[in-house]
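Chemist: What follows is final.cif, made up of mmCIF, C-alpha atoms:
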```cif
data_my_file
#
loop_
_atom_site.group_PDB
_atom_site.id
_atom_site.type_symbol
_atom_site.label_atom_id
_atom_site.label_comp_id
_atom_site.auth_asym_id
_atom_site.auth_seq_id
_atom_site.Cartn_x
_atom_site.Cartn_y
_atom_site.Cartn_z
ATOM 1 C CA MET A 1 16.331 -10.557 -35.640
ATOM 2 C CA SER A 2 16.494 -14.262 -34.807
ATOM 3 C CA ALA A 3 18.834 -13.369 -31.965
ATOM 4 C CA PHE A 4 16.070 -11.167 -30.630
ATOM 5 C CA PHE A 5 13.489 -13.944 -30.785
ATOM 6 C CA SER A 6 15.794 -16.542 -29.272
ATOM 7 C CA MET A 7 16.223 -14.361 -26.149
ATOM 8 C CA GLY A 8 19.667 -15.774 -25.415
ATOM 9 C CA GLY A 9 18.275 -19.311 -25.330
ATOM 10 C CA TYR A 10 15.418 -18.386 -22.990
ATOM 11 C CA ALA A 11 12.816 -17.881 -25.720
ATOM 12 C CA LEU A 12 10.380 -20.421 -24.256
ATOM 13 C CA TYR A 13 10.330 -18.749 -20.852
ATOM 14 C CA VAL A 14 10.333 -15.102 -21.910
ATOM 15 C CA TRP A 15 7.754 -15.404 -24.694
ATOM 16 C CA SER A 16 5.508 -17.747 -22.713
ATOM 17 C CA SER A 17 5.436 -15.268 -19.832
ATOM 18 C CA TRP A 18 4.518 -12.332 -22.026
ATOM 19 C CA GLY A 19 2.103 -14.458 -24.032
ATOM 20 C CA ILE A 20 0.268 -15.562 -20.890
ATOM 21 C CA GLY A 21 0.234 -12.061 -19.447
ATOM 22 C CA VAL A 22 -1.181 -10.464 -22.583
ATOM 23 C CA ALA A 23 -3.655 -13.338 -23.067
ATOM 24 C CA VAL A 24 -5.052 -12.925 -19.530
ATOM 25 C CA LEU A 25 -5.440 -9.155 -19.966
ATOM 26 C CA ILE A 26 -7.168 -9.569 -23.337
ATOM 27 C CA ALA A 27 -9.458 -12.334 -22.034
ATOM 28 C CA ILE A 28 -10.598 -10.179 -19.096
ATOM 29 C CA THR A 29 -11.126 -7.169 -21.363
ATOM 30 C CA TRP A 30 -13.194 -9.228 -23.800
ATOM 31 C CA HIS A 31 -15.196 -10.837 -20.985
ATOM 32 C CA SER A 32 -15.979 -7.470 -19.353
ATOM 33 C CA LEU A 33 -16.976 -5.891 -22.663
ATOM 34 C CA SER A 34 -19.310 -8.714 -23.639
ATOM 35 C CA ARG A 35 -20.995 -8.840 -20.213
ATOM 36 C CA ALA A 36 -21.507 -5.057 -20.269
ATOM 37 C CA GLN A 37 -22.940 -5.306 -23.758
ATOM 38 C CA TYR A 38 -25.342 -8.055 -22.675
ATOM 39 C CA ALA A 39 -26.510 -6.072 -19.628
ATOM 40 C CA ARG A 40 -27.067 -2.986 -21.770
ATOM 41 C CA ILE A 41 -29.205 -4.924 -24.269
ATOM 42 C CA ARG A 42 -31.256 -6.581 -21.502
ATOM 43 C CA LEU A 43 -31.827 -3.255 -19.746
ATOM 44 C CA ASN A 44 -32.966 -1.624 -22.969
ATOM 45 C CA GLU A 45 -35.469 -4.428 -23.587
ATOM 46 C CA LEU A 46 -36.938 -4.111 -20.116
ATOM 47 C CA GLU A 47 -37.125 -0.335 -20.155
ATOM 48 C CA HIS A 48 -38.953 -0.389 -23.474
ATOM 49 C CA THR A 49 -41.528 -2.946 -22.372
ATOM 50 C CA ASN A 50 -42.751 -0.812 -19.467
ATOM 51 C CA ASN A 51 -42.628 2.571 -21.052
ATOM 52 C CA SER A 52 -45.637 3.878 -19.170
ATOM 53 C CA THR A 53 -43.925 4.119 -15.779
ATOM 54 C CA ASP A 54 -40.513 4.663 -17.276
ATOM 55 C CA LYS A 55 -39.893 8.027 -15.695
ATOM 56 C CA ASP A 56 -40.613 7.134 -12.048
ATOM 57 C CA GLN A 57 -38.793 3.838 -12.430
ATOM 58 C CA GLN A 58 -35.782 5.641 -13.704
ATOM 59 C CA SER A 59 -35.537 7.878 -10.655
ATOM 60 C CA GLU A 60 -36.445 5.101 -8.220
ATOM 61 C CA ASN A 61 -33.813 2.821 -9.656
ATOM 62 C CA ASP A 62 -31.285 5.575 -9.484
ATOM 63 C CA GLN A 63 -31.764 5.517 -5.740
ATOM 64 C CA ASP A 64 -31.604 1.731 -5.586
ATOM 65 C CA ALA A 65 -28.399 1.506 -7.522
ATOM 66 C CA MET B 1 -15.975 12.455 -1.293
ATOM 67 C CA PHE B 2 -17.494 8.995 -1.337
ATOM 68 C CA ASP B 3 -21.002 10.385 -0.924
ATOM 69 C CA TYR B 4 -20.288 12.795 -3.733
ATOM 70 C CA LEU B 5 -19.270 9.983 -6.086
ATOM 71 C CA ALA B 6 -21.942 7.604 -4.857
ATOM 72 C CA ASN B 7 -24.712 9.357 -6.754
ATOM 73 C CA PRO B 8 -25.233 7.033 -9.762
ATOM 74 C CA THR B 9 -25.916 9.826 -12.241
ATOM 75 C CA ARG B 10 -22.776 11.655 -11.218
ATOM 76 C CA PHE B 11 -20.867 8.372 -11.219
ATOM 77 C CA ARG B 12 -21.953 7.786 -14.812
ATOM 78 C CA LYS B 13 -20.919 11.283 -15.852
ATOM 79 C CA ILE B 14 -17.488 11.120 -14.248
ATOM 80 C CA THR B 15 -16.683 7.629 -15.491
ATOM 81 C CA ALA B 16 -17.854 8.450 -19.020
ATOM 82 C CA ALA B 17 -15.296 11.260 -19.081
ATOM 83 C CA LEU B 18 -12.580 9.197 -17.384
ATOM 84 C CA LEU B 19 -12.874 6.019 -19.459
ATOM 85 C CA PRO B 20 -11.402 7.293 -22.755
ATOM 86 C CA VAL B 21 -8.533 8.932 -20.849
ATOM 87 C CA VAL B 22 -7.474 5.751 -19.018
ATOM 88 C CA VAL B 23 -7.874 3.656 -22.172
ATOM 89 C CA MET B 24 -5.535 6.047 -24.002
ATOM 90 C CA VAL B 25 -3.003 6.146 -21.182
ATOM 91 C CA SER B 26 -3.061 2.362 -21.003
ATOM 92 C CA ALA B 27 -2.523 1.894 -24.752
ATOM 93 C CA ILE B 28 0.372 4.379 -24.855
ATOM 94 C CA ALA B 29 1.983 2.992 -21.709
ATOM 95 C CA PHE B 30 1.717 -0.596 -23.002
ATOM 96 C CA ALA B 31 3.372 0.339 -26.280
ATOM 97 C CA LEU B 32 6.108 2.291 -24.526
ATOM 98 C CA GLY B 33 6.493 -0.418 -21.887
ATOM 99 C CA LEU B 34 6.954 -3.124 -24.507
ATOM 100 C CA TYR B 35 9.567 -1.023 -26.260
ATOM 101 C CA LEU B 36 11.450 -0.319 -23.039
ATOM 102 C CA ALA B 37 11.208 -3.907 -21.836
ATOM 103 C CA PHE B 38 12.528 -5.482 -25.028
ATOM 104 C CA PHE B 39 14.661 -2.878 -26.806
ATOM 105 C CA ALA B 40 15.744 -0.122 -24.451
ATOM 106 C CA SER B 41 16.805 -2.177 -21.437
ATOM 107 C CA PRO B 42 19.863 -4.393 -21.003
ATOM 108 C CA ALA B 43 20.018 -8.096 -20.222
ATOM 109 C CA ASP B 44 20.862 -8.875 -16.607
ATOM 110 C CA TYR B 45 24.495 -9.730 -15.868
ATOM 111 C CA GLN B 46 23.421 -12.865 -13.976
ATOM 112 C CA GLN B 47 20.006 -13.769 -15.350
ATOM 113 C CA GLY B 48 20.554 -12.801 -18.987
ATOM 114 C CA GLU B 49 17.439 -12.235 -21.067
ATOM 115 C CA THR B 50 15.114 -13.850 -18.515
ATOM 116 C CA VAL B 51 15.126 -10.505 -16.713
ATOM 117 C CA ARG B 52 12.582 -9.347 -19.306
ATOM 118 C CA ILE B 53 10.017 -11.538 -17.547
ATOM 119 C CA MET B 54 10.348 -9.132 -14.618
ATOM 120 C CA TYR B 55 8.646 -6.322 -16.546
ATOM 121 C CA ILE B 56 5.367 -8.213 -16.583
ATOM 122 C CA HIS B 57 5.813 -10.282 -13.415
ATOM 123 C CA VAL B 58 6.577 -7.483 -10.941
ATOM 124 C CA PRO B 59 3.953 -4.917 -12.092
ATOM 125 C CA ALA B 60 1.336 -7.694 -12.065
ATOM 126 C CA ALA B 61 2.356 -8.601 -8.498
ATOM 127 C CA TRP B 62 2.108 -4.962 -7.390
ATOM 128 C CA MET B 63 -1.313 -4.672 -8.993
ATOM 129 C CA ALA B 64 -2.502 -7.938 -7.439
ATOM 130 C CA MET B 65 -1.741 -6.475 -4.012
ATOM 131 C CA LEU B 66 -3.001 -2.947 -4.748
ATOM 132 C CA THR B 67 -6.272 -4.343 -6.100
ATOM 133 C CA TYR B 68 -6.744 -6.353 -2.924
ATOM 134 C CA ILE B 69 -6.123 -3.271 -0.760
ATOM 135 C CA LEU B 70 -8.698 -1.288 -2.759
ATOM 136 C CA MET B 71 -11.234 -4.114 -2.467
ATOM 137 C CA ALA B 72 -10.678 -4.284 1.290
ATOM 138 C CA VAL B 73 -11.243 -0.514 1.586
ATOM 139 C CA ALA B 74 -14.453 -0.894 -0.449
ATOM 140 C CA ALA B 75 -15.474 -3.751 1.855
ATOM 141 C CA ILE B 76 -15.090 -1.490 4.911
ATOM 142 C CA PHE B 77 -17.181 1.202 3.233
ATOM 143 C CA TYR B 78 -19.829 -1.364 2.451
ATOM 144 C CA LEU B 79 -19.898 -3.025 5.873
ATOM 145 C CA VAL B 80 -19.878 0.237 7.856
ATOM 146 C CA TRP B 81 -21.925 2.597 5.672
ATOM 147 C CA ARG B 82 -23.862 0.005 3.699
ATOM 148 C CA HIS B 83 -23.381 1.805 0.470
ATOM 149 C CA PRO B 84 -24.255 -0.459 -2.500
ATOM 150 C CA LEU B 85 -21.733 1.293 -4.746
ATOM 151 C CA ALA B 86 -18.881 0.160 -2.466
ATOM 152 C CA ASP B 87 -20.090 -3.417 -2.838
ATOM 153 C CA ILE B 88 -20.309 -2.973 -6.600
ATOM 154 C CA GLY B 89 -16.788 -1.522 -6.613
ATOM 155 C CA ALA B 90 -15.352 -4.523 -4.775
ATOM 156 C CA ARG B 91 -17.139 -6.927 -7.110
ATOM 157 C CA ALA B 92 -15.916 -5.017 -10.151
ATOM 158 C CA MET B 93 -12.268 -5.280 -9.084
ATOM 159 C CA ALA B 94 -12.244 -8.995 -8.247
ATOM 160 C CA LEU B 95 -11.776 -10.353 -11.759
ATOM 161 C CA PRO B 96 -8.856 -8.086 -12.781
ATOM 162 C CA GLY B 97 -7.361 -8.738 -9.312
ATOM 163 C CA ALA B 98 -7.519 -12.480 -9.839
ATOM 164 C CA GLY B 99 -6.039 -11.940 -13.301
ATOM 165 C CA PHE B 100 -3.060 -10.053 -11.859
ATOM 166 C CA ALA B 101 -2.437 -12.796 -9.280
ATOM 167 C CA LEU B 102 -2.661 -15.455 -11.983
ATOM 168 C CA ILE B 103 -0.203 -13.591 -14.229
ATOM 169 C CA THR B 104 2.171 -13.213 -11.273
ATOM 170 C CA LEU B 105 2.077 -16.930 -10.490
ATOM 171 C CA LEU B 106 2.423 -18.163 -14.077
ATOM 172 C CA THR B 107 5.137 -15.738 -15.175
ATOM 173 C CA GLY B 108 6.928 -16.462 -11.891
ATOM 174 C CA SER B 109 6.894 -20.134 -12.799
ATOM 175 C CA PHE B 110 8.376 -19.415 -16.213
ATOM 176 C CA TRP B 111 11.052 -17.323 -14.539
ATOM 177 C CA GLY B 112 11.773 -19.826 -11.769
ATOM 178 C CA ARG B 113 12.306 -22.728 -14.151
ATOM 179 C CA PRO B 114 15.459 -21.376 -15.863
ATOM 180 C CA ILE B 115 16.821 -19.403 -12.897
ATOM 181 C CA TRP B 116 15.997 -21.561 -9.869
ATOM 182 C CA GLY B 117 15.672 -24.844 -11.744
ATOM 183 C CA THR B 118 12.084 -25.424 -10.651
ATOM 184 C CA TRP B 119 8.599 -24.412 -11.815
ATOM 185 C CA TRP B 120 7.274 -24.211 -8.278
ATOM 186 C CA VAL B 121 8.490 -24.390 -4.704
ATOM 187 C CA TRP B 122 6.495 -24.050 -1.474
ATOM 188 C CA ASP B 123 8.398 -20.938 -0.541
ATOM 189 C CA ALA B 124 6.737 -18.283 1.670
ATOM 190 C CA ARG B 125 6.481 -15.670 -1.095
ATOM 191 C CA LEU B 126 5.067 -18.067 -3.671
ATOM 192 C CA THR B 127 2.665 -19.711 -1.243
ATOM 193 C CA SER B 128 1.291 -16.405 0.050
ATOM 194 C CA MET B 129 0.758 -15.198 -3.534
ATOM 195 C CA LEU B 130 -1.101 -18.432 -4.289
ATOM 196 C CA ILE B 131 -3.274 -17.764 -1.213
ATOM 197 C CA LEU B 132 -3.997 -14.276 -2.580
ATOM 198 C CA PHE B 133 -5.172 -15.854 -5.833
ATOM 199 C CA PHE B 134 -7.442 -18.215 -3.879
ATOM 200 C CA LEU B 135 -8.789 -15.277 -1.846
ATOM 201 C CA TYR B 136 -9.879 -13.621 -5.092
ATOM 202 C CA LEU B 137 -11.536 -16.844 -6.265
ATOM 203 C CA GLY B 138 -13.182 -17.351 -2.868
ATOM 204 C CA TYR B 139 -14.465 -13.790 -2.875
ATOM 205 C CA MET B 140 -15.997 -14.211 -6.326
ATOM 206 C CA ALA B 141 -17.560 -17.542 -5.404
ATOM 207 C CA LEU B 142 -19.104 -16.056 -2.238
ATOM 208 C CA ALA B 143 -20.235 -12.803 -3.848
ATOM 209 C CA ASP B 144 -21.911 -14.569 -6.784
ATOM 210 C CA GLY B 145 -23.001 -17.685 -4.948
ATOM 211 C CA PHE B 146 -26.504 -16.521 -4.048
ATOM 212 C CA GLU B 147 -29.641 -16.237 -6.097
ATOM 213 C CA ARG B 148 -30.081 -12.623 -5.024
ATOM 214 C CA ALA B 149 -26.655 -11.101 -5.649
ATOM 215 C CA GLU B 150 -26.813 -8.748 -2.639
ATOM 216 C CA ARG B 151 -27.027 -11.626 -0.161
ATOM 217 C CA GLY B 152 -23.463 -12.621 -0.941
ATOM 218 C CA SER B 153 -22.100 -9.133 -0.331
ATOM 219 C CA LYS B 154 -21.665 -9.273 3.431
ATOM 220 C CA PRO B 155 -19.932 -12.657 3.727
ATOM 221 C CA ALA B 156 -17.763 -11.823 0.710
ATOM 222 C CA CYS B 157 -16.686 -8.495 2.263
ATOM 223 C CA LEU B 158 -15.914 -10.231 5.559
ATOM 224 C CA LEU B 159 -13.723 -12.734 3.715
ATOM 225 C CA LEU B 160 -11.878 -9.813 2.098
ATOM 226 C CA LEU B 161 -11.155 -8.258 5.495
ATOM 227 C CA VAL B 162 -9.925 -11.532 6.993
ATOM 228 C CA GLY B 163 -7.673 -11.989 3.980
ATOM 229 C CA VAL B 164 -5.943 -8.638 4.572
ATOM 230 C CA ILE B 165 -3.622 -10.481 6.992
ATOM 231 C CA ASN B 166 -2.084 -12.127 3.917
ATOM 232 C CA LEU B 167 -0.855 -8.822 2.429
ATOM 233 C CA PRO B 168 1.974 -8.057 4.899
ATOM 234 C CA ILE B 169 2.918 -11.724 4.703
ATOM 235 C CA ILE B 170 3.374 -11.420 0.925
ATOM 236 C CA LYS B 171 5.283 -8.144 1.195
ATOM 237 C CA PHE B 172 7.635 -9.123 4.022
ATOM 238 C CA SER B 173 7.914 -12.868 3.381
ATOM 239 C CA VAL B 174 11.232 -12.324 1.622
ATOM 240 C CA ASP B 175 12.596 -10.512 4.709
ATOM 241 C CA TRP B 176 11.080 -12.724 7.409
ATOM 242 C CA TRP B 177 12.029 -16.072 5.949
ATOM 243 C CA ASN B 178 15.060 -17.237 4.077
ATOM 244 C CA THR B 179 13.263 -17.824 0.803
ATOM 245 C CA LEU B 180 14.291 -18.735 -2.697
ATOM 246 C CA HIS B 181 12.520 -15.642 -3.976
ATOM 247 C CA GLN B 182 14.751 -12.586 -4.146
ATOM 248 C CA GLY B 183 14.231 -9.568 -1.893
ATOM 249 C CA SER B 184 12.713 -6.211 -2.826
ATOM 250 C CA SER B 185 14.727 -3.970 -5.100
ATOM 251 C CA VAL B 186 12.202 -1.177 -5.694
ATOM 252 C CA LEU B 187 9.905 -0.642 -2.681
ATOM 253 C CA ARG B 188 12.655 -0.451 -0.069
ATOM 254 C CA LEU B 189 13.087 1.907 2.855
ATOM 255 C CA ASP B 190 16.488 2.997 1.547
ATOM 256 C CA GLY B 191 15.226 3.624 -1.986
ATOM 257 C CA PRO B 192 15.351 1.447 -5.088
ATOM 258 C CA SER B 193 18.502 -0.636 -5.533
ATOM 259 C CA ILE B 194 17.557 -1.605 -9.080
ATOM 260 C CA ASP B 195 19.311 0.026 -12.024
ATOM 261 C CA PRO B 196 17.368 2.999 -13.545
ATOM 262 C CA ALA B 197 17.472 1.325 -16.981
ATOM 263 C CA MET B 198 15.440 -1.533 -15.500
ATOM 264 C CA LEU B 199 13.315 0.616 -13.197
ATOM 265 C CA LYS B 200 11.902 2.668 -16.077
ATOM 266 C CA PRO B 201 10.235 -0.190 -18.022
ATOM 267 C CA LEU B 202 8.978 -1.552 -14.698
ATOM 268 C CA LEU B 203 7.215 1.701 -13.811
ATOM 269 C CA VAL B 204 5.815 2.216 -17.309
ATOM 270 C CA MET B 205 4.379 -1.308 -17.352
ATOM 271 C CA ALA B 206 2.920 -0.677 -13.893
ATOM 272 C CA LEU B 207 1.218 2.462 -15.234
ATOM 273 C CA ALA B 208 -0.103 0.485 -18.203
ATOM 274 C CA MET B 209 -1.597 -2.153 -15.924
ATOM 275 C CA LEU B 210 -2.967 0.416 -13.471
ATOM 276 C CA SER B 211 -4.780 2.350 -16.197
ATOM 277 C CA TRP B 212 -6.046 -0.902 -17.754
ATOM 278 C CA PHE B 213 -7.317 -1.877 -14.307
ATOM 279 C CA ILE B 214 -9.162 1.446 -13.885
ATOM 280 C CA ALA B 215 -10.790 1.025 -17.301
ATOM 281 C CA ILE B 216 -11.933 -2.524 -16.516
ATOM 282 C CA THR B 217 -13.219 -1.470 -13.087
ATOM 283 C CA ILE B 218 -15.302 1.335 -14.625
ATOM 284 C CA LEU B 219 -16.672 -1.064 -17.233
ATOM 285 C CA GLN B 220 -17.532 -3.706 -14.642
ATOM 286 C CA MET B 221 -19.110 -1.208 -12.234
ATOM 287 C CA SER B 222 -21.393 0.231 -14.891
ATOM 288 C CA ARG B 223 -22.281 -3.329 -15.944
ATOM 289 C CA LEU B 224 -23.141 -4.272 -12.340
ATOM 290 C CA ILE B 225 -25.252 -1.125 -11.916
ATOM 291 C CA MET B 226 -27.161 -2.002 -15.092
ATOM 292 C CA GLN B 227 -27.580 -5.584 -13.891
ATOM 293 C CA ARG B 228 -29.095 -4.487 -10.569
ATOM 294 C CA ARG B 229 -31.505 -2.339 -12.461
ATOM 295 C CA VAL B 230 -32.374 -5.283 -14.686
ATOM 296 C CA SER B 231 -33.110 -7.513 -11.704
ATOM 297 C CA ASN B 232 -35.224 -4.760 -10.092
ATOM 298 C CA LEU B 233 -37.243 -4.404 -13.281
ATOM 299 C CA GLU B 234 -37.582 -8.165 -13.622
ATOM 300 C CA ALA B 235 -38.823 -8.452 -10.039
ATOM 301 C CA ARG B 236 -41.329 -5.700 -10.710
ATOM 302 C CA GLU B 237 -42.540 -7.436 -13.855
ATOM 303 C CA SER B 238 -43.082 -10.745 -12.108
ATOM 304 C CA TRP B 239 -45.105 -8.979 -9.383
ATOM 305 C CA SER B 240 -47.401 -7.074 -11.691
#
```
Can you present the structure in this file as structure tokens?
Modeler:
Amino acid sequence: MSAFFSMGGYALYVWSSWGIGVAVLIAITWHSLSRAQYARIRLNELEHTNNSTDKDQQSENDQDA
Amino acid sequence: MFDYLANPTRFRKITAALLPVVVMVSAIAFALGLYLAFFASPADYQQGETVRIMYIHVPAAWMAMLTYILMAVAAIFYLVWRHPLADIGARAMALPGAGFALITLLTGSFWGRPIWGTWWVWDARLTSMLILFFLYLGYMALADGFERAERGSKPACLLLLVGVINLPIIKFSVDWWNTLHQGSSVLRLDGPSIDPAMLKPLLVMALAMLSWFIAITILQMSRLIMQRRVSNLEARESWS
């Protein structure tokens, strides 16, 4: 087991590489999820405040997007 | 096909079905890739255990280049046909692209230190990969650098197209110049020269990163679509 973690004396390099790689992927995933969540909440707020014209706005915005 | 996908309602439907699939594929491929990279593949006869850095370094480098190609294609679609969804696509891919380039550079450093004896050298391959990383950062700065997001789209797409010149330089730098970085052992005209036991974890990790990238791109695109709608609604509110 300890032989596995020592990576033939290259533990620092091998584990740092994988650590950095996984950390970057997780950070980007977390960042994307939280920004999407924020946008969804903000959009919900706005769509509920102008309910009256909701339907035409929906279709108009579909074209804009 | 682009026009077909460019309808936002259809886009939402397709991506909603696709997202769970790519998330699953990514999770399975990561688990399998980790197993193959650490347990089911041998140490290198020259580089010992450091070869295990390859299984994250090389797929990340492939993805950094593939992402850039896809962004450049989106940029052409945006500049020629003016379709907002192409612009949104390019924006969505920039962050994971920059992430792949960053992983490539950092893991390369941790591989270079024990094997070459240096963290960094101004070698053609390393320098061109660093330029790729800066192209991603420059694109993001340009695309997001304006009060109205859409105003940054055109200059940012033009930067992407100019930067395409860097891609063949990255790919062929190891053939054109006598560099410290080793040559290709997978994407070669005469077929892979790498051992199958090492090729397998490489390809599985590449699949893991590709499917992760698709998931993030879908997430970012739907976020950007929602954001545009938010700014349209906000503009409307301030007018009324």
Chemist: Could you list, as a VMD selection string, every residue of chain B that has an atom within 9 Å of an atom of chain A, counting all atoms listed in the file?
Modeler: chain B and resid 7 to 9 38 48 to 53 56 to 57 60 84 to 85 95 to 96 99 to 100 102 to 104 106 to 111 113 to 114 209 212 216 219 to 220 222 to 230 232 to 234 237
Chemist: Which value, in Å to one decimal, gives the distance between CA of Tyr78 (chain B) and CA of Leu158 (chain B)?
Modeler: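 Computing it gives 10.2 Å between the two atoms.
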Chemist: Excluding Asp87 (chain B) and its own-chain neighbours fewer than 2 positions away, which residues fall within 8 Å of it when counting all atoms listed in the file? Please give them as an NGL selection string.
Modeler: :B and (74-75 or 78 or 83-85 or 89-91 or 153 or 157)
Chemist: Interatomic distance between CA of Gly33 (chain B) and CA of Ala215 (chain B)?
Modeler: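 These atoms are spaced 17.9 Å apart.
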Chemist: Can you tell me, as a list in words, what residues are no more than 10 Å from Thr15 (chain B) when counting all atoms listed in the file, ignoring any on the same chain fewer than 2 positions away?
Modeler: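 Near neighbours after the sequence-gap exclusion: Arg10, Phe11, Arg12, Lys13, Ala17, Leu18, Leu19, Pro20, Val21, Ile214, Ala215, Ile218, Leu219, Met221 and Ser222 of chain B.
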Chemist: If I take CA of Val25 (chain B) and CA of Gly97 (chain B), how far is one from the other in Å, to one decimal?
Modeler: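 Distance between the two atoms: 19.5 Å.
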Chemist: Smallest atom-to-atom distance to Pro168 (chain B): which of B:Met71, B:Leu135, B:Met65, B:Leu105, using all atoms listed in the file?
Modeler: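 Comparing B:Met71, B:Leu135, B:Met65, B:Leu105 against Pro168 (chain B), the winner is B:Met65.
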Chemist: Would you mind listing what lies within 12 Å of region 174-178 of chain B as number ranges by chain, with all atoms listed in the file counted and same-chain residues fewer than 3 positions away left out?
Modeler: B: 123-128, 168-171, 181-185, 188
Chemist: Around (11.2, 1.8, -16.8) in the file's own coordinates, what residues are found within 9 Å if you use all atoms listed in the file, given back as a PDB file with C-alpha atoms, in the coordinates of the input?
Modeler:
```pdb
ATOM      1  CA  GLY B  33       6.493  -0.418 -21.887  1.00  0.00           C
ATOM      2  CA  LEU B  36      11.450  -0.319 -23.039  1.00  0.00           C
ATOM      3  CA  ALA B  37      11.208  -3.907 -21.836  1.00  0.00           C
ATOM      4  CA  SER B  41      16.805  -2.177 -21.437  1.00  0.00           C
ATOM      5  CA  TYR B  55       8.646  -6.322 -16.546  1.00  0.00           C
ATOM      6  CA  PRO B 196      17.368   2.999 -13.545  1.00  0.00           C
ATOM      7  CA  ALA B 197      17.472   1.325 -16.981  1.00  0.00           C
ATOM      8  CA  MET B 198      15.440  -1.533 -15.500  1.00  0.00           C
ATOM      9  CA  LEU B 199      13.315   0.616 -13.197  1.00  0.00           C
ATOM     10  CA  LYS B 200      11.902   2.668 -16.077  1.00  0.00           C
ATOM     11  CA  PRO B 201      10.235  -0.190 -18.022  1.00  0.00           C
ATOM     12  CA  LEU B 202       8.978  -1.552 -14.698  1.00  0.00           C
ATOM     13  CA  LEU B 203       7.215   1.701 -13.811  1.00  0.00           C
ATOM     14  CA  VAL B 204       5.815   2.216 -17.309  1.00  0.00           C
ATOM     15  CA  MET B 205       4.379  -1.308 -17.352  1.00  0.00           C
TER      16      MET B 205
END
```
